[in-house]
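These notes are about the structure you will find just below.
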Amino acid sequence: MATLKYAVGLSAADPDCQPVLVLGQIRHLARLAWDDVKVKLAPRVTEEVWQRAVSELFPSPTDSIHLYLNLATLAALPGKCARHNTPSRAHSVTRLVRSLVAGSDLTIVLVCERADMLASACAVARAFPLYSRKSGPQPEPTITVEFIIADGEQATAEEVQLLQDAARGIRLTARIVDTPCNEMHTDAFVEEVRQVGEELGTPLTLIRGEELKARGFGGIYGVGKAAVHPPALAVLSHTPAGATHGIAWVGKGIVYDTGGLSMKTKTTMPGMKRDLGGAAAILGAFLVAVKSGFTQNLHAVFCVAENAVGPTATRPDDIHTLYSGRTVEINNTDAEGRLVLADGVAYANKDLKCTTILDMATLTGAQGTATGKYHGALLTNQECWEVLGAAAGRATGDLLFPVPYTPELHFSEFASSVADMKNSAADRSNALVSCAGLFIGANLGFDFPGSWIHVDMASPVHSGDRATGYGVALLCVLFGSHSTHRLLQQLAPPAPAAAAAVAAAADLSDGTTNSSKKMRLEQRRP
C-alpha cells in the first residue's frame with residue numbers, strides 16, 4: 001500500500017529519479033512562472049515545452065499531457081464548477097490521480113488556492129486505499145504531495161501536519177469501511193476505537209452485550225443480539241480544560257447488514273460491509289479534531305452491532321423499548337440503523353448532557369435517489385445548520401445538501417396501534433430520507449432545545465468498490481471554529497453556537513414577509 005507524505009514547499013528532483021504529476025485548474029497553471037516549477041521538471045523539461053503544454057491543455061472535463069515520457073505529467077481540472085459543487089473540484093482530483101499514478105514513487109504537485117488546500121489534499125488521500133488481501137507482492141510506493149498556493153502565502157509546517165492528519169483519518173475510515181465483516185466484526189471495530197482512544201489519551205466508555213439490555217439500550221441490543229460478536233455502545237470523550245459546550249458525534253456502526261429476518265436479496269446484500277461508514281467517519285474525524293486542538297467537550301459515540309440472522313434475532317412484530325423510553329413496533333428488521341442511532345442520540349442527551357448532537361449514518365438507499373452519490377443528505381431541527389453544512393461540504397469536498405424537516409407532515413408515517421411508533425415508514429414514496437432521520441430525532445424530542453444534525457451518507461460512503469472516507473474532513477471543518485488550528489478556523493463556517501443563536505433570533509414562523517425572510521437567509525450565508 002502507498003505511503004502518503006505531505007511536504008512544505010517544493011523540493012528539487014529530476015523526473016528520471018522522481019516522477020512528477022503537476023495538477024491544477026487551467027487558470028492557476030497559466031499564472032505559474034517557469035521558475036515556480038522548474039525545480040521539479042528541469043533538466044528533462046524545458047520552459048518552452050512547459051509553456052506549450054499549458055497552452056494546449058483543453059479540459060473536457062479534464063485533460064493531461066506527458067511532458068517527458070510518462071515521468072513528468074501535467075493535468076488540468078475542470079474549468080466549470082456549479083454552485084452546489086466544491087470549488088476544489090475534489091472528485092476530479094481523485095479521479096485524475098487514480099488514472100495517472102502507477103505503482104511507483106511519485107511527487108504530486110497541487111496548484112490551488114489556499115481555500116482549496118485541505119480539500120485537494122483529502123482528495124489525493126482518497127485515491128490511495130489501504131485495505132487489500134490480494135496474494136503476491138504488492139507495490140508500496142511513496143507518494144509525496146507538495147503545494148503551490150496560487151493566491152497567497154505558501155503552506156506552513158503546521159498546516160501540512162493538519163493535511164497529513166486529515167489524510168490519515170480519511171484512510172483509516174476507508175480501511176475500516178473496506179474491511180469485510182469476517183475481519184471487521186463488532187469486537188474488531190471496538191478495538192479500532194480503543195486504539196484511537198489510547199493514542200489520544202481519551203477515556204473509553206464501553207457498554208457491551210447483555211449489559212446493553214440491562215441498561216435499557218433496546219435498539220442496539222435488539223439489532224445485534226443474534227450475532228456471534230456482541231453489540232456495543234462505545235464512547236470516546238475529549239474533555240479539555242475550559243470547555244463550555246458539549247458536542248456529540250453519533251455514528252451508525254452496523255458492521256454487516258443482512259437485513260435481519262426481513263432479509264436482503266443476493267444482489268442487495270453485497271456491499272453491506274459499508275454499513276458502518278458513519279461510525280468509521282466519526283472515528284477518523286475525532287482523531288483529526290482532537291489532534292488539531294479541539295477546545296470544547298467532544299464525545300464520539302459509536303453504536304456498533306451486526307444485523308445478523310439467528311434463533312434470537314428480532315422478529316417483525318416485536319416491540320422494543322429504546323434508551324429514550326419510547327417503544328417501537330418492528331415492522332422491518334432491515335430498518336435497523338435508526339434503532340441503534342436512537343439509543344446513541346438519547347445517550348448523548350441524557351448521559352453526556354450534549355446540546356449539539358450530530359449523527360452520521362449510511363441510513364437509507366433513498367438518500368442516493370434524493371441527493372445523489374456525491375452529496376450526503378442533511379436533516380436538522382435548526383435552519384442555520386443547513387447553510388453551515390452545505391458550506392462545510394463545499395469547503396472539503398464532502399458535499400452535503402438539505403432535505404425537508406417537517407415532522408408535523410412526515411412523522412405520522414411511523415404510527416403504530418400498539419407502540420409509540422413503528423420503525424419503517426408506511427408510505428415508501430413519502431420523503432423517506434427525512435422520515436428515517438425523524439425517527440432518530442424523535443428520541444430527542446421535536447422540542448429538543450439544542451442543535452440536532454442528521455447526515456445520511458449511504459451513497460457518498462463509496463465510489464465503485466472502494467470506500468471514500470466521506471465525513472472526516474466535513475466534520476473537522478463544520479466544527480472548525482472550535483479548533484485552535486488556524487486553517488480549520490479559516491475554513492470553518494460561523495461558530496455553531498453563534499449560528500444557532502442567529503437562527504433562534506430569526507425564527508421564520510414570526511410572520512415576516514417572504515422578501516425579508518430571503519434577506520435574512522442571504523445575510524446568514526458564510
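Ordering of the C-alpha cells sets the chain letters (A, B, ...); residue numbers start at 1 within each chain; ligands are numbered from 1 in the order shown.
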Counting only C-alpha atoms, which residues of region 68-177 of chain A fall within 12 Å of region 249-255 of chain A, and what is the closest atom pair for each with its distance in Å at one decimal, ordered by chain and rising number, as a Markdown table?
```
| residue | atom | partner | partner_atom | distance |
| --- | --- | --- | --- | --- |
| A:Thr173 | CA | A:Gly253 | CA | 11.9 |
| A:Ile176 | CA | A:Val255 | CA | 9.5 |
| A:Val177 | CA | A:Val255 | CA | 8.6 |
```
Which residues of region 405-509 of chain A sit at most 9 Å from region 112-116 of chain A, using only C-alpha atoms? Give each one's shortest atom pair and distance in Å (one decimal place), in chain and ascending residue order, as JSON lines.
```
{"residue": "A:Leu487", "atom": "CA", "partner": "A:Ala115", "partner_atom": "CA", "distance": 8.8}
{"residue": "A:Gln490", "atom": "CA", "partner": "A:Ala115", "partner_atom": "CA", "distance": 8.2}
{"residue": "A:Leu491", "atom": "CA", "partner": "A:Ala115", "partner_atom": "CA", "distance": 6.9}
```
- For Val461 (chain A), work out the shell of residues within 8 Å, counting only C-alpha atoms and skipping chain neighbours fewer than 4 positions away, then give it as a list in words. Arg274, Gly277, Thr362, Met457, Ala467, Thr468, Gly469 and Tyr470 of chain A
Go ahead and write the selection's residues with N, CA, C and O atoms as a PDB file, in the first residue's frame.
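selection.pdb, written as the output of this step:
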```pdb
ATOM      1  N   ARG A 274     -20.216  -1.954   4.287  1.00  0.00           N
ATOM      2  CA  ARG A 274     -20.056  -0.494   4.370  1.00  0.00           C
ATOM      3  C   ARG A 274     -21.035   0.160   5.329  1.00  0.00           C
ATOM      4  O   ARG A 274     -21.021   1.387   5.471  1.00  0.00           O
ATOM      5  N   GLY A 277     -20.142   2.896   7.853  1.00  0.00           N
ATOM      6  CA  GLY A 277     -19.465   4.069   7.312  1.00  0.00           C
ATOM      7  C   GLY A 277     -19.602   5.309   8.170  1.00  0.00           C
ATOM      8  O   GLY A 277     -18.661   6.103   8.279  1.00  0.00           O
ATOM      9  N   THR A 362     -24.952   5.591   7.144  1.00  0.00           N
ATOM     10  CA  THR A 362     -25.379   5.057   5.850  1.00  0.00           C
ATOM     11  C   THR A 362     -26.796   4.543   6.064  1.00  0.00           C
ATOM     12  O   THR A 362     -27.025   3.343   6.186  1.00  0.00           O
ATOM     13  N   MET A 457     -25.316   9.420   4.562  1.00  0.00           N
ATOM     14  CA  MET A 457     -24.269   9.379   3.531  1.00  0.00           C
ATOM     15  C   MET A 457     -24.124   7.976   2.943  1.00  0.00           C
ATOM     16  O   MET A 457     -23.022   7.478   2.684  1.00  0.00           O
ATOM     17  N   ALA A 467     -14.164   2.477  -0.559  1.00  0.00           N
ATOM     18  CA  ALA A 467     -14.661   3.499   0.359  1.00  0.00           C
ATOM     19  C   ALA A 467     -13.974   4.828   0.072  1.00  0.00           C
ATOM     20  O   ALA A 467     -12.840   4.869  -0.408  1.00  0.00           O
ATOM     21  N   THR A 468     -14.663   5.919   0.389  1.00  0.00           N
ATOM     22  CA  THR A 468     -14.148   7.261   0.100  1.00  0.00           C
ATOM     23  C   THR A 468     -13.609   7.976   1.337  1.00  0.00           C
ATOM     24  O   THR A 468     -12.938   9.001   1.204  1.00  0.00           O
ATOM     25  N   GLY A 469     -13.929   7.484   2.518  1.00  0.00           N
ATOM     26  CA  GLY A 469     -13.568   8.234   3.720  1.00  0.00           C
ATOM     27  C   GLY A 469     -14.428   9.466   3.914  1.00  0.00           C
ATOM     28  O   GLY A 469     -14.041  10.402   4.624  1.00  0.00           O
ATOM     29  N   TYR A 470     -15.608   9.455   3.309  1.00  0.00           N
ATOM     30  CA  TYR A 470     -16.518  10.602   3.418  1.00  0.00           C
ATOM     31  C   TYR A 470     -16.834  10.898   4.886  1.00  0.00           C
ATOM     32  O   TYR A 470     -17.072   9.999   5.676  1.00  0.00           O
TER      33      TYR A 470
END
```
List the neighbours of Trp385 (chain A) out to 10 Å using only C-alpha atoms; skip same-chain residues closer than 2 positions along the sequence, and give me the result as a short mmCIF file (atom, residue, chain, number, x, y, z; two decimals) with C-alpha atoms, in the first residue's frame.
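The resulting part-v6.cif:
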```cif
data_model
loop_
_atom_site.label_atom_id
_atom_site.label_comp_id
_atom_site.auth_asym_id
_atom_site.auth_seq_id
_atom_site.Cartn_x
_atom_site.Cartn_y
_atom_site.Cartn_z
CA LEU A 378 -28.67 16.83 5.79
CA LEU A 379 -31.70 16.94 8.11
CA THR A 380 -31.71 19.31 11.06
CA ASN A 381 -34.00 21.00 13.54
CA GLN A 382 -32.29 24.37 13.03
CA GLU A 383 -32.16 26.16 9.72
CA VAL A 387 -26.37 26.68 5.47
CA LEU A 388 -23.36 25.74 7.60
CA GLY A 389 -23.41 22.10 6.49
CA ALA A 390 -23.59 22.96 2.81
CA ALA A 391 -20.74 25.48 3.21
CA PRO A 402 -30.51 19.65 2.99
CA SER A 451 -28.97 21.54 17.80
CA TRP A 452 -29.61 18.19 16.16
CA ILE A 453 -27.98 17.42 12.81
CA LEU A 478 -18.04 22.08 10.15
CA PRO A 493 -18.43 28.42 8.73
CA PRO A 496 -22.21 26.71 15.53
CA ALA A 499 -25.26 30.41 14.19
CA ALA A 500 -27.85 28.69 16.36
CA ALA A 503 -31.49 31.10 13.76
#
```
- Can you list, as a list in words, every protein, DNA or RNA residue that comes within 6 Å of region 413-420 of chain A when you count only C-alpha atoms, leaving out same-chain residues fewer than 5 positions away?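 Answer for this query is Thr327, Val328, Glu329, Ala425 and Ala426 of chain A.
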For the selection just defined, write its residues with all heavy atoms to a file, as an mmCIF file, in the first residue's frame.
```
data_model
loop_
_atom_site.group_PDB
_atom_site.id
_atom_site.type_symbol
_atom_site.label_atom_id
_atom_site.label_comp_id
_atom_site.auth_asym_id
_atom_site.auth_seq_id
_atom_site.Cartn_x
_atom_site.Cartn_y
_atom_site.Cartn_z
ATOM 1 N N THR A 327 -41.278 3.299 22.918
ATOM 2 C CA THR A 327 -41.432 1.920 22.451
ATOM 3 C C THR A 327 -41.593 1.920 20.938
ATOM 4 O O THR A 327 -42.188 2.831 20.348
ATOM 5 C CB THR A 327 -42.650 1.256 23.097
ATOM 6 O OG1 THR A 327 -43.831 2.030 22.819
ATOM 7 C CG2 THR A 327 -42.457 1.128 24.600
ATOM 8 N N VAL A 328 -41.062 0.867 20.305
ATOM 9 C CA VAL A 328 -41.105 0.794 18.851
ATOM 10 C C VAL A 328 -41.557 -0.594 18.421
ATOM 11 O O VAL A 328 -41.045 -1.610 18.906
ATOM 12 C CB VAL A 328 -39.733 1.153 18.232
ATOM 13 C CG1 VAL A 328 -38.616 0.278 18.778
ATOM 14 C CG2 VAL A 328 -39.786 1.055 16.718
ATOM 15 N N GLU A 329 -42.542 -0.634 17.543
ATOM 16 C CA GLU A 329 -43.015 -1.874 16.927
ATOM 17 C C GLU A 329 -42.191 -2.116 15.673
ATOM 18 O O GLU A 329 -42.142 -1.267 14.777
ATOM 19 C CB GLU A 329 -44.495 -1.755 16.571
ATOM 20 C CG GLU A 329 -45.045 -2.979 15.852
ATOM 21 C CD GLU A 329 -46.461 -2.768 15.326
ATOM 22 O OE1 GLU A 329 -47.023 -1.664 15.520
ATOM 23 O OE2 GLU A 329 -47.010 -3.710 14.720
ATOM 24 N N ALA A 425 -41.405 3.480 7.569
ATOM 25 C CA ALA A 425 -42.495 4.335 7.109
ATOM 26 C C ALA A 425 -43.556 3.543 6.351
ATOM 27 O O ALA A 425 -43.244 2.595 5.619
ATOM 28 C CB ALA A 425 -41.942 5.442 6.223
ATOM 29 N N ALA A 426 -44.792 3.946 6.498
ATOM 30 C CA ALA A 426 -45.900 3.275 5.825
ATOM 31 C C ALA A 426 -45.882 3.556 4.326
ATOM 32 O O ALA A 426 -46.076 2.654 3.513
ATOM 33 C CB ALA A 426 -47.229 3.720 6.442
#
```
- For Cys435 (chain A): contacts at 10 Å, only C-alpha atoms, fewer than 5 positions along chain excluded, given as a ChimeraX atom specification: /A:379,404-407,409-414,423-425,427-428,430,440-441
- Interatomic distance, CA of Ala42 (chain A) to CA of Gly9 (chain A) (Å, one decimal): 16.7 Å
- Would you kindly return, as a PyMOL selection string, each protein, DNA or RNA residue with an atom no farther than 7 Å from any atom of region 256-261 of chain A, considering only C-alpha atoms and excluding same-chain residues fewer than 3 positions away? chain A and resi 181+264+269+272-273+275+306-309+315+333-334
- Message: Can you tell me, as a ChimeraX atom specification, which residues in region 79-287 of chain A count as strand (DSSP E or B) by DSSP?
- Response: /A:106-112,142-149,204-208,232-238,246-257
File dump, residues just selected, C-alpha atoms, as a compact mmCIF listing (two decimals), in the first residue's frame:
```txt
# COMPACT_ATOMS: atom_id res chain seq x y z
CA LEU A 106 5.85 9.86 -7.31
CA THR A 107 5.60 13.52 -6.38
CA ILE A 108 2.22 15.21 -6.87
CA VAL A 109 2.35 19.00 -7.10
CA LEU A 110 -1.07 20.52 -6.39
CA VAL A 111 -1.57 24.03 -7.73
CA CYS A 112 -4.59 25.50 -5.95
CA THR A 142 5.86 6.60 -1.52
CA ILE A 143 3.64 9.44 -2.74
CA THR A 144 4.90 12.91 -1.83
CA VAL A 145 2.35 15.73 -2.08
CA GLU A 146 3.61 19.31 -2.45
CA PHE A 147 1.71 22.55 -2.96
CA ILE A 148 1.93 25.74 -4.93
CA ILE A 149 -0.62 28.16 -3.48
CA LEU A 204 -13.23 4.80 26.52
CA THR A 205 -16.67 4.03 27.91
CA LEU A 206 -17.88 0.62 26.75
CA ILE A 207 -21.29 -0.98 27.28
CA ARG A 208 -21.45 -4.36 25.61
CA ALA A 232 -21.74 -2.45 21.89
CA LEU A 233 -22.02 1.22 22.68
CA ALA A 234 -18.51 2.68 22.70
CA VAL A 235 -17.78 6.30 23.61
CA LEU A 236 -14.58 8.34 23.40
CA SER A 237 -14.68 11.59 25.37
CA HIS A 238 -12.38 14.56 24.87
CA GLY A 246 -20.92 19.64 24.90
CA ILE A 247 -20.87 18.20 21.37
CA ALA A 248 -21.64 14.60 20.42
CA TRP A 249 -20.92 12.87 17.14
CA VAL A 250 -23.00 9.68 16.99
CA GLY A 251 -22.14 7.06 14.38
CA LYS A 252 -24.06 4.11 12.98
CA GLY A 253 -21.68 1.15 13.19
CA ILE A 254 -23.51 -1.78 11.62
CA VAL A 255 -20.55 -3.97 10.72
CA TYR A 256 -22.78 -6.04 8.44
CA ASP A 257 -26.42 -5.74 7.48
```
- Message: Can you tell me, as a VMD selection string, which residues in region 36-197 of chain A count as alpha helix (DSSP H) by DSSP?
- Response: chain A and resid 36 to 41 47 to 56 90 to 100 117 to 126 157 to 178 186 to 197
